[in-house]
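A.B. asks: To start, I am sharing the structure in question, which I have written as structure tokens.
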Amino acid sequence: MNEQAIIYGCLRKDPLCQRELYNHFSPKMLAVCYRFSTSREDAEDMLQEGFIKVFTMLHTFEGKGAFEGWIRRILVHTCINFLKRNKKFSDSIGLEFAEELTAKEESFASIMQGRQVVECIRSLPIGYRTVLNLYAVEGYSHKEIAELLDVAESTSRSQYTRAKVLLEKVLLQKEIIGDKNTTIGWLSPAQK
């Protein structure tokens with residue numbers, strides 16, 4: 001079945017089409033949830049909650065842009081709401097790792113997909129990790145992030161900068177990158 005047929009079937013509440021849609025998109029969307037979560041169980045809860053919203057809101061998809069992007073946006077919002085609801089984000093947005101350091105501004109795409117790097121990102125405090133994921137991976141602007149997280153735009157910018165600095169420390173500590181003199185890149189905002 002093609003994507004249009006699956007969407008149409010889901011709008012008619014056809015269980016086979018719903019299963020097909022879920023099976024097709026859930027692995028990618030679980031990866032999205034995993035980046036925001038503190039555990040696999042939380043990621044799976046976020047995924048289930050997100051797909052309930054996808055099926056509930058499917059009638060609002062206007063066909064503008066990629067369907068996968070539409071689903072991803074719903075899942076990202078679900079993850080943020082999950083973190084807010086469980087107070088996992090607000091408890092860690094503080095400046096506990098704030099240091100006056102500067103991060104290098106280069107391309108980080110070459111190692112971003114590596115499992116070790118993803119795990120290092122997941123080890124960051126959830127506030128830093130959330131902003132880093134939203135800005136660099138999902139392509140949200142700092143203004144959009146500020147609105148999503150109910151923080152000032154300057155807070156989003158500082159959290160992102162601090163996340164990059166802390167991530168560099170973690171990558172150095174785990175010897176995923178060489179010494180500080182090694183030319184490494186940093187996360188650039190994703191293209192929407």
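By convention here, the chains of the structure tokens are called A, B, ... in the order presented, each chain's residues are numbered starting at 1, and ligands are numbered starting at 1 in the order presented.
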With only C-alpha atoms as the counted atoms, please give the residues lying no more than 12 Å from stretch 155-157 of chain A, apart from itself and same-chain residues fewer than 2 positions off, as a PyMOL selection string.

C.D. replies: chain A and resi 93-95+98+127-136+140-153+159-164

A.B. asks: What's around stretch 62-66 of chain A at 10 Å? Count only C-alpha atoms, leave out sequence neighbours fewer than 5 positions away in its own chain, and write the answer as a short mmCIF file (atom, residue, chain, number, x, y, z; two decimals) with N, CA and C atoms, in the first residue's frame.

C.D. replies:
data_model
loop_
_atom_site.label_atom_id
_atom_site.label_comp_id
_atom_site.auth_asym_id
_atom_site.auth_seq_id
_atom_site.Cartn_x
_atom_site.Cartn_y
_atom_site.Cartn_z
N GLN A 4 -0.64 7.33 0.68
CA GLN A 4 -1.96 7.93 0.56
C GLN A 4 -3.06 6.92 0.93
N ILE A 71 4.35 13.62 11.39
CA ILE A 71 4.35 12.67 12.50
C ILE A 71 5.45 13.01 13.49
N ARG A 72 6.65 13.30 12.98
CA ARG A 72 7.79 13.63 13.84
C ARG A 72 7.48 14.83 14.73
#

A.B. asks: Given only C-alpha atoms as the basis, pick out the residue of A:Lys174, A:His59, A:His77, A:Lys13 nearest to A:Glu119.

C.D. replies: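 Of A:Lys174, A:His59, A:His77, A:Lys13, the one nearest A:Glu119, counting only C-alpha atoms, is A:Lys174.
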
A.B. asks: Atom CA of A:Trp70 and atom CA of A:Asn86, how far apart in Å?

C.D. replies: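 Computing it gives 24.5 Å between the two atoms.
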
A.B. asks: Mind giving me the straight-line distance from atom CA of A:Ile6 to atom CA of A:Cys79 in Å, one decimal?

C.D. replies: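 These atoms are spaced 24.8 Å apart.
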
A.B. asks: Would you mind listing what lies within 10 Å of A:Gln48 as a CSV table (one decimal) with C-alpha atoms, in the first residue's frame, with only C-alpha atoms counted and same-chain residues fewer than 5 positions away left out?

C.D. replies:
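Now in selection_36.csv:
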chain,number,residue,atom,x,y,z
A,22,TYR,CA,2.5,2.3,13.0
A,26,SER,CA,7.4,3.5,14.8
A,30,LEU,CA,11.1,5.5,18.8
A,42,ASP,CA,9.7,6.4,28.9
A,43,ALA,CA,10.6,6.3,25.2
A,53,LYS,CA,-2.3,11.7,18.9
A,54,VAL,CA,-1.2,10.9,15.3
A,75,LEU,CA,6.1,13.0,18.5
A,78,THR,CA,4.5,14.6,22.8

A.B. asks: One number please: atom CA of A:Val76 to atom CA of A:Pro27, in Å, one decimal.

C.D. replies: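 Taking atom CA of A:Val76 and atom CA of A:Pro27, their separation equals 14.4 Å.
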
A.B. asks: Point out the residue among A:Val32, A:Ile80, A:Cys10, A:Leu16 with the least atom-to-atom distance to A:Phe55, counting only C-alpha atoms.

C.D. replies: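 For A:Phe55, the nearest of the candidates is A:Cys10.
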
A.B. asks: At a cut-off of 10 Å, using only C-alpha atoms, what residues contact A:Leu11? Leave out same-chain residues fewer than 3 positions from it and give the result as a list in words.

C.D. replies: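 Surrounding residues, per the criterion: Ala5, Ile6, Ile7, Tyr8, Asp14, Cys17, Gln18, Phe55, Thr56, Met57, Leu58 and His59 of chain A.
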
A.B. asks: Which residue gives the smallest distance to A:Ser39 among A:Lys169, A:His24, A:Arg73, A:Arg122, with only C-alpha atoms counted?

C.D. replies: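 Closest residue, counting only C-alpha atoms: A:Arg122.
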
A.B. asks: Quick one: of A:Pro15, A:Ile74, A:Val170, A:Ser154, who's nearest to A:Ile52, counting only C-alpha atoms?

C.D. replies: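 Among the listed residues, the smallest separation from A:Ile52 belongs to A:Ile74.
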